[in-house]
$ cat my_file.cif   # mmCIF, C-alpha atoms and all ligand atoms
data_protein
loop_
_atom_site.label_atom_id
_atom_site.label_comp_id
_atom_site.auth_asym_id
_atom_site.auth_seq_id
_atom_site.Cartn_x
_atom_site.Cartn_y
_atom_site.Cartn_z
CA MET A 265 0.00 0.00 0.00
CA GLY A 266 1.09 3.62 -0.51
CA THR A 267 -0.24 7.06 0.36
CA THR A 268 -2.31 7.24 -2.84
CA ASN A 269 -4.34 4.15 -1.87
CA ALA A 270 -5.67 5.64 1.34
CA VAL A 271 -8.87 6.97 -0.27
CA GLY A 272 -9.01 10.22 1.69
CA ARG A 273 -7.92 8.75 5.01
CA ASP A 274 -4.63 8.91 6.86
CA PRO A 275 -2.57 6.01 5.48
CA LEU A 276 -0.78 5.61 8.80
CA VAL A 277 -4.10 5.10 10.57
CA ILE A 278 -5.03 2.43 8.04
CA LEU A 279 -1.65 0.77 8.52
CA GLU A 280 -1.95 0.81 12.29
CA GLU A 281 -5.44 -0.69 12.13
CA ALA A 282 -4.17 -3.40 9.80
CA LEU A 283 -1.27 -4.13 12.15
CA ILE A 284 -3.57 -4.38 15.14
CA GLY A 285 -5.80 -6.65 13.06
CA GLY A 286 -2.82 -8.94 12.55
CA ILE A 287 -1.32 -8.57 9.08
CA SER A 288 1.86 -10.65 8.74
CA HIS A 289 3.87 -8.27 6.49
CA PHE A 290 3.58 -4.74 5.16
CA GLN A 291 4.89 -3.54 1.80
CA LEU A 292 5.23 0.15 1.01
CA ARG A 293 4.40 0.64 -2.66
CA GLU A 294 4.38 4.34 -3.40
CA LYS A 295 3.42 4.75 -7.08
CA GLY A 296 1.59 7.08 -9.44
CA THR A 297 1.61 10.77 -10.26
CA ALA A 298 0.65 11.88 -6.74
CA ALA A 299 3.23 9.63 -5.09
CA LEU A 300 5.57 11.02 -2.47
CA THR A 301 9.22 11.27 -3.45
CA GLY A 302 12.55 12.24 -1.92
CA LYS A 303 12.56 13.49 1.66
CA GLU A 304 8.78 13.25 2.03
CA LEU A 305 8.83 9.63 0.95
CA LYS A 306 11.64 8.84 3.37
CA THR A 307 9.77 10.50 6.24
CA PHE A 308 6.63 8.54 5.40
CA ALA A 309 8.59 5.30 5.06
CA LEU A 310 10.19 5.85 8.47
CA ALA A 311 6.76 6.41 10.02
CA CYS A 312 5.48 3.16 8.48
CA GLN A 313 8.60 1.35 9.64
CA LYS A 314 8.15 2.60 13.19
CA LEU A 315 4.60 1.26 13.32
CA CYS A 316 5.65 -2.08 11.80
CA ARG A 317 8.49 -2.42 14.31
CA ARG A 318 6.15 -1.72 17.18
CA HIS A 319 3.98 -4.60 16.00
CA ARG A 320 6.98 -6.79 15.03
CA VAL A 321 5.82 -7.02 11.44
CA PRO A 322 8.40 -7.07 8.62
CA PHE A 323 8.49 -3.86 6.59
CA ILE A 324 9.19 -4.34 2.88
CA ILE A 325 9.75 -1.63 0.28
CA ASN A 326 8.68 -1.99 -3.33
CA ASP A 327 11.36 -1.23 -5.94
CA ASP A 328 13.31 1.44 -4.10
CA VAL A 329 16.43 -0.47 -3.05
CA GLU A 330 18.24 2.74 -2.15
CA LEU A 331 15.52 3.78 0.28
CA ALA A 332 15.33 0.26 1.70
CA CYS A 333 19.08 0.25 2.36
CA ALA A 334 19.07 3.82 3.71
CA ILE A 335 16.48 3.07 6.38
CA ASP A 336 17.36 -0.60 6.94
CA ALA A 337 14.00 -1.98 5.80
CA ASP A 338 13.41 -5.69 6.31
CA GLY A 339 13.14 -6.41 2.62
CA VAL A 340 12.63 -5.32 -0.96
CA HIS A 341 10.07 -6.40 -3.56
CA VAL A 342 10.84 -6.08 -7.27
CA GLY A 343 8.86 -6.66 -10.44
CA GLN A 344 10.03 -8.23 -13.69
CA GLU A 345 10.44 -4.77 -15.23
CA ASP A 346 12.37 -3.44 -12.27
CA LEU A 347 15.88 -4.12 -11.12
CA ASP A 348 17.48 -7.43 -11.68
CA CYS A 349 16.71 -9.64 -8.71
CA ALA A 350 20.19 -11.12 -8.28
CA SER A 351 21.80 -7.68 -8.03
CA VAL A 352 19.14 -6.55 -5.55
CA GLN A 353 19.95 -9.62 -3.46
CA SER A 354 23.63 -8.71 -3.37
CA ARG A 355 22.85 -5.08 -2.46
CA ILE A 356 20.44 -5.78 0.37
CA GLY A 357 22.23 -8.85 1.75
CA LYS A 358 21.02 -12.37 2.38
CA ASP A 359 19.50 -11.56 5.75
CA LYS A 360 16.84 -9.34 4.12
CA ILE A 361 13.59 -10.51 2.56
CA LEU A 362 13.59 -10.52 -1.24
CA GLY A 363 10.27 -10.73 -3.08
CA VAL A 364 9.76 -10.89 -6.84
CA SER A 365 6.64 -10.56 -8.98
CA VAL A 366 6.35 -13.46 -11.40
CA HIS A 367 3.76 -14.51 -13.95
CA SER A 368 4.93 -17.94 -15.07
CA VAL A 369 6.80 -21.04 -13.97
CA GLU A 370 9.78 -19.82 -16.02
CA GLU A 371 9.91 -16.49 -14.16
CA ALA A 372 9.46 -18.30 -10.85
CA LYS A 373 12.39 -20.58 -11.71
CA ARG A 374 14.64 -17.57 -12.27
CA ALA A 375 13.42 -15.87 -9.10
CA VAL A 376 14.25 -18.99 -7.07
CA ALA A 377 17.70 -19.20 -8.69
CA ASP A 378 18.28 -15.52 -7.91
CA GLY A 379 17.49 -16.06 -4.25
CA ALA A 380 13.89 -14.85 -3.90
CA ASP A 381 12.32 -15.65 -0.54
CA TYR A 382 8.84 -15.43 -1.98
CA VAL A 383 7.13 -14.71 -5.29
CA GLY A 384 4.10 -12.52 -5.86
CA MET A 385 1.72 -13.87 -8.51
CA GLY A 386 -0.92 -11.70 -10.06
CA PRO A 387 -3.19 -10.28 -10.91
CA VAL A 388 -5.28 -13.22 -9.80
CA TYR A 389 -8.48 -11.22 -10.26
CA GLY A 390 -9.23 -7.85 -11.86
CA THR A 391 -7.61 -4.89 -10.12
CA ARG A 392 -7.81 -1.11 -10.31
CA SER A 393 -4.80 -0.56 -8.08
CA LYS A 394 -2.09 -1.14 -10.67
CA ASP A 395 -2.09 0.87 -13.90
CA ASP A 396 0.04 -1.56 -15.88
CA ALA A 397 -1.46 -4.78 -14.47
CA LYS A 398 -1.61 -7.74 -16.84
CA PRO A 399 -4.99 -9.35 -17.61
CA PRO A 400 -6.34 -11.34 -14.65
CA ALA A 401 -4.84 -14.82 -14.67
CA GLY A 402 -7.06 -16.52 -12.12
CA ILE A 403 -5.52 -19.16 -9.91
CA VAL A 404 -4.03 -21.36 -12.64
CA GLY A 405 -0.62 -19.68 -12.47
CA ILE A 406 -0.44 -20.28 -8.75
CA VAL A 407 -1.32 -23.94 -9.18
CA ALA A 408 1.40 -24.36 -11.82
CA VAL A 409 4.13 -22.62 -9.79
CA LYS A 410 3.16 -24.53 -6.65
CA LYS A 411 3.43 -27.80 -8.56
CA ALA A 412 6.86 -26.89 -9.90
CA PHE A 413 8.22 -25.46 -6.63
CA PRO A 414 6.28 -26.96 -3.72
CA ALA A 415 8.47 -25.30 -1.09
CA LEU A 416 8.31 -21.80 -2.58
CA SER A 417 6.27 -19.17 -0.76
CA ILE A 418 3.68 -17.82 -3.17
CA VAL A 419 1.78 -14.63 -2.45
CA GLY A 420 -1.37 -14.11 -4.52
CA ILE A 421 -2.16 -10.52 -5.50
CA GLY A 422 -4.74 -8.59 -7.48
CA GLY A 423 -8.42 -8.08 -6.70
CA ILE A 424 -8.33 -10.33 -3.66
CA LYS A 425 -11.06 -9.93 -1.06
CA PRO A 426 -12.11 -12.09 1.86
CA GLU A 427 -14.82 -13.67 -0.35
CA ASN A 428 -12.39 -14.88 -3.03
CA ALA A 429 -9.26 -15.42 -0.92
CA SER A 430 -10.00 -19.06 -0.02
CA ALA A 431 -9.60 -20.16 -3.63
CA VAL A 432 -6.20 -18.43 -3.75
CA TYR A 433 -5.00 -20.15 -0.59
CA GLN A 434 -6.35 -23.48 -1.79
CA ALA A 435 -4.50 -23.13 -5.08
CA GLY A 436 -1.23 -23.07 -3.14
CA ALA A 437 -0.66 -19.46 -2.12
CA GLU A 438 0.79 -19.18 1.35
CA SER A 439 -0.64 -15.71 1.71
CA VAL A 440 -2.34 -12.89 -0.15
CA ALA A 441 -1.29 -9.28 -0.74
CA VAL A 442 -4.07 -6.77 -0.71
CA ILE A 443 -4.46 -3.04 -1.32
CA SER A 444 -8.01 -1.86 -1.97
CA SER A 445 -9.82 -4.49 0.05
CA LEU A 446 -8.02 -3.27 3.17
CA ALA A 447 -7.29 0.37 2.39
CA GLY A 448 -10.92 0.90 1.36
CA ALA A 449 -12.51 -1.05 4.18
CA GLU A 450 -14.52 0.85 6.75
CA ASP A 451 -13.41 -1.58 9.44
CA VAL A 452 -9.82 -2.41 8.53
CA ARG A 453 -9.24 -4.58 11.59
CA GLY A 454 -12.40 -6.56 10.93
CA GLN A 455 -11.40 -6.99 7.30
CA VAL A 456 -8.02 -8.48 8.31
CA ASN A 457 -9.94 -10.90 10.48
CA LEU A 458 -12.10 -11.95 7.56
CA PHE A 459 -8.93 -12.79 5.60
CA LYS A 460 -7.71 -14.85 8.54
CA GLU A 461 -11.02 -16.69 8.61
CA ALA A 462 -10.74 -17.37 4.88
CA TYR A 463 -7.24 -18.78 5.47
CA LYS A 464 -8.39 -21.08 8.26
CA GLY A 465 -11.24 -22.31 6.12
CA ALA A 466 -8.98 -23.16 3.19
CA PRO A 467 -6.43 -25.86 4.01
CA GLN A 468 -3.70 -25.98 1.38
CA LEU A 469 -3.49 -28.94 -0.99
N1 LIG B 1 0.59 -6.00 -8.33
P1 LIG B 1 -5.69 -4.68 -5.17
S1 LIG B 1 -1.80 -6.48 -8.95
C1 LIG B 1 0.44 -4.11 -6.75
O1 LIG B 1 -0.36 -8.40 -10.73
C2 LIG B 1 -0.15 -5.10 -7.62
O2 LIG B 1 1.60 -8.06 -9.87
C3 LIG B 1 -0.15 -6.78 -9.08
O3 LIG B 1 -4.20 -4.24 -5.52
C4 LIG B 1 0.40 -7.83 -9.97
O4 LIG B 1 -5.60 -5.55 -3.96
C5 LIG B 1 -1.51 -5.25 -7.85
O5 LIG B 1 -6.37 -3.37 -4.86
C6 LIG B 1 -2.60 -4.43 -7.24
O6 LIG B 1 -6.27 -5.33 -6.36
C7 LIG B 1 -3.26 -5.09 -6.06
#
$ encode --input "my_file.cif" --output "structure tokens" --more "lines below"
Ligand code: 3NM
Amino acid sequence: MGTTNAVGRDPLVILEEALIGGISHFQLREKGTAALTGKELKTFALACQKLCRRHRVPFIINDDVELACAIDADGVHVGQEDLDCASVQSRIGKDKILGVSVHSVEEAKRAVADGADYVGMGPVYGTRSKDDAKPPAGIVGIVAVKKAFPALSIVGIGGIKPENASAVYQAGAESVAVISSLAGAEDVRGQVNLFKEAYKGAPQL
């Protein structure tokens, strides 16, 4: 999530509610024309990090390896179009979390070879939160990557809500990454709980 996803609310309040609700990880993804940059972005990132640390939740930064290194974030997430994953791994060090967006078994294979700790697969369903999102792929990609790499942590992303999350978990995703369904929820804490319920009700194959 980033500041532009907060739909008129204070993004730090949304984050804190989500943390209290029990999210396992937080990724700062500050994108778009209204996105914070430079000093303002760093200040915002530090505020997010402080909240995450208080709740002992890993704080991951999307794309911006420099910022992640500067503030000692817990990890970095990169897309296929972004920096090369192996060089990110060497810059952040092996003790940090490295996530990579993948869309096929082939991309997942490379991510694993480059040292990714998890892969993000999406968009599973239709999304309005990413301008350059690919067409929704459903859960088939997750099933294929899970079959090829049973031990790999797969995070489903794109249009995921409590109502459709069970299918994503059942397909083999260890977890789901969500923007609008949480950032837009009236009761953010309650929404996190609904995701947890969906997880409990969907034992992995
Ligand atoms: N990445 P929402 S889809 C950030 O397909 C992002 O890799 C995607 O937001 C991918 O939960 C996406 O609002 C947006 O659909 C997810």
$ residues_near_ligand --input "my_file.cif" --ligand "ligand LIG 1 (chain B)" --cutoff "10 Å" --atoms "only C-alpha atoms and all ligand atoms" --output "PyMOL selection string"
chain A and resi 265-266+269+291+293-295+326+342-344+364-367+383-401+419-425+440-448
$ atom_distance --input "my_file.cif" --atom1 "atom CA of Ala415 of chain A" --atom2 "atom CA of Glu438 of chain A"
10.1 Å
$ axis_aligned_box --input "my_file.cif" --around "segment 275-283 of chain A" --padding-each-side "6 Å" --output "lines of an AutoDock Vina configuration file"
center_x = -3.1
center_y = 0.9
center_z = 8.9
size_x = 16.7
size_y = 22.1
size_z = 18.8
$ residues_around --input "my_file.cif" --residues "Leu458 of chain A" --least-positions-apart "3" --cutoff "6 Å" --atoms "only C-alpha atoms" --output "compact mmCIF listing (two decimals) with C-alpha atoms, in the frame of the given file"
# COMPACT_ATOMS: atom_id res chain seq x y z
CA PRO A 426 -12.11 -12.09 1.86
CA GLN A 455 -11.40 -6.99 7.30
CA GLU A 461 -11.02 -16.69 8.61
$ residues_around --input "my_file.cif" --residues "Ser439 of chain A" --least-positions-apart "3" --cutoff "12 Å" --atoms "only C-alpha atoms" --output "ChimeraX atom specification"
/A:287-289,382-385,406,416-421,424,429-436,442,459-460,462-464,466-468
$ closest_residue --input "my_file.cif" --among "A:Ile361, A:Ala449, A:Ala309, A:Ile356" --to "Cys333 of chain A" --atoms "all atoms listed in the file"
A:Ile356
$ atom_distance --input "my_file.cif" --atom1 "atom CA of Asn428 of chain A" --atom2 "atom CA of Asp346 of chain A"
28.8 Å
$ atom_distance --input "my_file.cif" --atom1 "atom CA of Gln313 of chain A" --atom2 "atom CA of Ala337 of chain A"
7.4 Å
$ residues_near_point --input "my_file.cif" --point "(-2.9, 5.9, 10.4)" --cutoff "12 Å" --atoms "only C-alpha atoms" --output "VMD selection string"
chain A and resid 266 to 267 270 272 to 284 308 311 to 312 314 to 316 447 452
$ residues_around --input "my_file.cif" --residues "Glu330 of chain A" --least-positions-apart "3" --cutoff "12 Å" --atoms "all atoms listed in the file" --output "ChimeraX atom specification"
/A:302,306,325-327,333-337,339-340,347,352,355-356
$ decode --input "my_file.cif" --residues "segment 278-290 of chain A" --atoms "N, CA and C atoms" --output "mmCIF file, in the first residue's frame"
data_model
loop_
_atom_site.group_PDB
_atom_site.id
_atom_site.type_symbol
_atom_site.label_atom_id
_atom_site.label_comp_id
_atom_site.auth_asym_id
_atom_site.auth_seq_id
_atom_site.Cartn_x
_atom_site.Cartn_y
_atom_site.Cartn_z
ATOM 1 N N ILE A 278 -4.644 3.700 8.674
ATOM 2 C CA ILE A 278 -5.026 2.426 8.035
ATOM 3 C C ILE A 278 -3.983 1.349 8.353
ATOM 4 N N LEU A 279 -2.711 1.744 8.236
ATOM 5 C CA LEU A 279 -1.647 0.772 8.520
ATOM 6 C C LEU A 279 -1.731 0.289 9.963
ATOM 7 N N GLU A 280 -1.907 1.217 10.882
ATOM 8 C CA GLU A 280 -1.946 0.806 12.288
ATOM 9 C C GLU A 280 -3.129 -0.132 12.558
ATOM 10 N N GLU A 281 -4.263 0.187 11.966
ATOM 11 C CA GLU A 281 -5.437 -0.685 12.132
ATOM 12 C C GLU A 281 -5.148 -2.084 11.575
ATOM 13 N N ALA A 282 -4.497 -2.113 10.423
ATOM 14 C CA ALA A 282 -4.175 -3.404 9.799
ATOM 15 C C ALA A 282 -3.190 -4.185 10.678
ATOM 16 N N LEU A 283 -2.252 -3.473 11.272
ATOM 17 C CA LEU A 283 -1.269 -4.127 12.147
ATOM 18 C C LEU A 283 -1.953 -4.683 13.393
ATOM 19 N N ILE A 284 -2.840 -3.898 13.952
ATOM 20 C CA ILE A 284 -3.572 -4.376 15.141
ATOM 21 C C ILE A 284 -4.415 -5.596 14.746
ATOM 22 N N GLY A 285 -4.991 -5.522 13.548
ATOM 23 C CA GLY A 285 -5.799 -6.650 13.056
ATOM 24 C C GLY A 285 -4.984 -7.918 12.883
ATOM 25 N N GLY A 286 -3.678 -7.758 12.613
ATOM 26 C CA GLY A 286 -2.817 -8.938 12.553
ATOM 27 C C GLY A 286 -2.240 -9.272 11.187
ATOM 28 N N ILE A 287 -1.988 -8.260 10.347
ATOM 29 C CA ILE A 287 -1.316 -8.568 9.077
ATOM 30 C C ILE A 287 0.080 -9.128 9.379
ATOM 31 N N SER A 288 0.573 -9.988 8.471
ATOM 32 C CA SER A 288 1.859 -10.646 8.737
ATOM 33 C C SER A 288 3.035 -9.842 8.201
ATOM 34 N N HIS A 289 2.825 -9.064 7.129
ATOM 35 C CA HIS A 289 3.872 -8.267 6.492
ATOM 36 C C HIS A 289 3.245 -6.976 5.974
ATOM 37 N N PHE A 290 4.074 -5.955 5.811
ATOM 38 C CA PHE A 290 3.577 -4.739 5.156
ATOM 39 C C PHE A 290 4.566 -4.344 4.063
#
